[in-house]
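A.B. asks: Pasting protein-v8.txt here (compact mmCIF, C-alpha atoms):
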```
# COMPACT_ATOMS: atom_id res chain seq x y z
CA MET E 1 1.85 -10.78 13.39
CA THR E 2 -0.89 -12.57 11.45
CA GLY E 3 0.65 -16.02 11.28
CA ARG E 4 0.13 -16.05 7.50
CA ASP E 5 2.59 -15.95 4.63
CA ASP E 6 0.11 -14.43 2.16
CA VAL E 7 -1.80 -11.27 3.08
CA VAL E 8 -3.80 -8.66 1.19
CA PHE E 9 -4.43 -5.11 2.37
CA GLY E 10 -5.78 -2.00 0.72
CA ALA E 11 -3.59 0.94 -0.24
CA SER E 12 -4.65 4.43 -1.22
CA VAL E 13 -3.33 5.76 -4.51
CA SER E 14 -3.84 9.10 -6.21
CA GLY E 15 -3.10 10.65 -9.54
CA ARG E 16 -4.47 11.54 -12.94
CA HIS E 17 -3.89 8.57 -15.20
CA PRO E 18 -4.03 9.56 -18.88
CA ASP E 19 -6.20 6.52 -19.74
CA VAL E 20 -9.13 7.96 -17.77
CA ASP E 21 -11.49 9.65 -20.24
CA GLY E 22 -11.79 13.40 -19.56
CA VAL E 23 -9.16 13.41 -16.80
CA GLU E 24 -7.71 16.68 -18.11
CA SER E 25 -10.95 18.53 -17.34
CA MET E 26 -11.71 16.94 -13.95
CA VAL E 27 -11.45 19.10 -10.85
CA GLY E 28 -10.37 17.84 -7.44
CA LEU E 29 -8.37 15.01 -5.97
CA LEU E 30 -8.54 11.69 -7.78
CA PHE E 31 -7.82 8.76 -5.53
CA ASN E 32 -8.56 5.07 -5.41
CA THR E 33 -8.04 2.07 -3.17
CA VAL E 34 -6.22 -0.92 -4.62
CA PRO E 35 -5.50 -4.34 -3.15
CA VAL E 36 -1.86 -5.10 -2.36
CA ARG E 37 -0.86 -8.75 -2.01
CA VAL E 38 2.25 -9.61 0.00
CA ARG E 39 3.67 -13.11 0.10
CA ALA E 40 6.52 -13.72 2.52
CA ALA E 41 7.89 -16.81 4.20
CA PRO E 42 9.24 -16.44 7.74
CA ALA E 43 12.82 -16.88 6.47
CA ASP E 44 12.51 -14.21 3.75
CA PRO E 45 14.69 -11.16 4.43
CA LEU E 46 12.61 -8.01 4.88
CA THR E 47 14.55 -6.20 2.16
CA ALA E 48 13.78 -8.97 -0.35
CA VAL E 49 10.07 -8.86 0.49
CA LEU E 50 9.94 -5.07 0.18
CA ARG E 51 11.79 -5.13 -3.14
CA ARG E 52 9.42 -7.79 -4.46
CA VAL E 53 6.33 -5.83 -3.36
CA GLN E 54 7.72 -2.65 -4.93
CA ALA E 55 8.43 -4.44 -8.23
CA GLU E 56 4.98 -6.05 -8.30
CA GLN E 57 3.24 -2.75 -7.53
CA SER E 58 5.29 -0.96 -10.18
CA GLU E 59 4.11 -3.49 -12.77
CA LEU E 60 0.50 -2.78 -11.77
CA PHE E 61 0.85 1.02 -11.75
CA ASP E 62 -0.97 1.50 -15.07
CA HIS E 63 -4.04 -0.17 -13.56
CA THR E 64 -4.35 1.84 -10.32
CA PHE E 65 -7.29 3.83 -11.73
CA VAL E 66 -9.49 0.70 -12.00
CA ALA E 67 -12.27 0.97 -9.42
CA LEU E 68 -12.04 -1.38 -6.44
CA ALA E 69 -15.58 -2.63 -7.16
CA ASP E 70 -14.44 -3.62 -10.67
CA VAL E 71 -11.42 -5.45 -9.26
CA GLN E 72 -13.66 -7.30 -6.78
CA ARG E 73 -16.08 -8.22 -9.55
CA ALA E 74 -13.26 -9.43 -11.84
CA THR E 75 -11.74 -11.66 -9.14
CA GLY E 76 -15.08 -13.07 -8.02
CA LEU E 77 -13.83 -13.00 -4.43
CA GLY E 78 -16.01 -10.27 -2.94
CA THR E 79 -14.23 -8.58 -0.05
CA LEU E 80 -10.51 -8.59 -0.79
CA PHE E 81 -9.17 -7.02 2.41
CA ASP E 82 -10.22 -5.60 5.77
CA THR E 83 -7.25 -3.34 6.45
CA LEU E 84 -6.31 -0.11 4.68
CA PHE E 85 -2.78 1.28 4.58
CA VAL E 86 -2.57 5.02 3.93
CA PHE E 87 0.64 6.99 3.70
CA GLN E 88 1.73 10.42 2.53
CA ASN E 89 4.77 10.90 0.39
CA PHE E 90 6.30 14.36 0.15
CA PRO E 91 9.44 14.03 -2.01
CA GLY E 92 12.36 16.10 -0.80
CA MET E 93 10.84 16.84 2.61
CA ARG E 94 12.45 15.58 5.78
CA PRO E 95 10.65 15.42 9.12
CA THR E 96 11.73 18.09 11.57
CA GLY E 97 10.94 19.08 15.11
CA ALA E 98 10.13 17.17 18.25
CA SER E 99 7.46 15.07 16.54
CA ALA E 100 9.88 13.65 13.93
CA ARG E 101 10.30 9.94 14.62
CA PRO E 102 11.43 6.96 12.55
CA ALA E 103 8.74 4.61 11.26
CA THR E 104 7.89 1.73 13.56
CA CYS E 105 5.99 -1.52 13.33
CA GLY E 106 3.79 -2.69 16.11
CA SER E 107 0.32 -3.09 17.46
CA SER E 108 -2.02 -0.73 19.22
CA ALA E 109 -3.12 -3.57 21.46
CA GLY E 110 -0.93 -2.45 24.34
CA ARG E 111 2.31 -4.02 23.13
CA SER E 112 5.33 -1.83 22.54
CA ALA E 113 6.22 -0.97 18.96
CA THR E 114 9.28 -2.61 17.45
CA PRO E 115 11.22 -0.73 14.78
CA PRO E 116 11.57 -2.58 11.46
CA THR E 117 14.98 -4.05 10.82
CA THR E 118 16.82 -5.16 7.71
CA ARG E 119 19.79 -7.47 7.36
```
Would you write the structure of this file as C-alpha cells?
C.D. replies:
Amino acid sequence: MTGRDDVVFGASVSGRHPDVDGVESMVGLLFNTVPVRVRAAPADPLTAVLRRVQAEQSELFDHTFVALADVQRATGLGTLFDTLFVFQNFPGMRPTGASARPATCGSSAGRSATPPTTR
C-alpha cells in the first residue's frame, strides 16, 4: 500500500503501569500513544510479520507509559508518524448481529477492501 518496507504508525495503549508514581490514587482512564515500527519485505509471510511485531511490542510493554513527547525528544526525530491505529479489545466477547463482520484491509479511497490472508 505504501511501497515501503519500514513504516511507523501510532497505537493507542491504556493501563495503569505500576512504575507511574501515584497511579494507585489516579482517577480516570490512563492512555497513551506509542510509535509502532513495522519492517516487512514483500516476500515476508503475513503471519511472520505479525508474530515479529507482537514480540517486539511485548518487549516494549513496560515502557508504554512513557509520554510520546518524551519518545520524540529522545529519538531526536520530531514527528514519528502521521497515522494512528486505534482498536478495542474485549476479551471473551464475540461479535454478534448483522453488523458483525471479519476484519478487512483496504483503503477508503474508493477501492474495495481486501480481507487479510495468511499462508
A.B. asks: Of the residues E:Thr79, E:Thr33, E:Thr64, E:Thr47, which is the one nearest to Arg16 in chain E, using all atoms listed in the file?
C.D. replies: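 Of E:Thr79, E:Thr33, E:Thr64, E:Thr47, the one nearest Arg16 in chain E, counting all atoms listed in the file, is E:Thr64.
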A.B. asks: One number please: CA of Phe65 in chain E to CA of Asp82 in chain E, in Å, one decimal.
C.D. replies: 20.1 Å
A.B. asks: What is the CA of Leu84 in chain E to CA of Val34 in chain E distance in Å?
C.D. replies: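 That distance, rounded to one decimal, is 9.3 Å.
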A.B. asks: With all atoms listed in the file as the atoms that count, which of E:Asp19, E:Ser14, E:Gly92, E:Phe85 lies nearest to Pro35 in chain E?
C.D. replies: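 Checking each of E:Asp19, E:Ser14, E:Gly92, E:Phe85 against Pro35 in chain E, counting all atoms listed in the file, the winner is E:Phe85.
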A.B. asks: Can you tell me which residues surround Asp5 in chain E at a distance of at most 10 Å, considering only C-alpha atoms, apart from same-chain residues fewer than 4 positions away, and format the answer as a PyMOL selection string?
C.D. replies: chain E and resi 38-42
A.B. asks: From the list E:Ala43, E:Arg51, E:Gln88, E:Val13, which residue is nearest Leu29 in chain E when using only C-alpha atoms?
C.D. replies: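 Answer, going by the shortest atom-to-atom distance: E:Val13.
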A.B. asks: Which distance in Å separates CA of Ala74 in chain E and CA of Ala55 in chain E, to one decimal?
C.D. replies: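 These atoms are spaced 22.5 Å apart.
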A.B. asks: Measuring atom to atom with only C-alpha atoms, identify which of E:Gly78, E:Arg73, E:His63, E:Phe87 is nearest to Pro18 in chain E.
C.D. replies: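 Closest to Pro18 in chain E of all the choices is E:His63.
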A.B. asks: For Arg37 in chain E, list every protein, DNA or RNA residue within 10 Å, evaluated using all atoms listed in the file, and leave out those in the same chain fewer than 4 positions away; present the list as a count of residues only.
C.D. replies: 10
A.B. asks: May I ask which of the residues E:Gly22, E:Val36, E:Val49, E:Gly15 is the closest one to Val71 in chain E, counting only C-alpha atoms?
C.D. replies: E:Val36
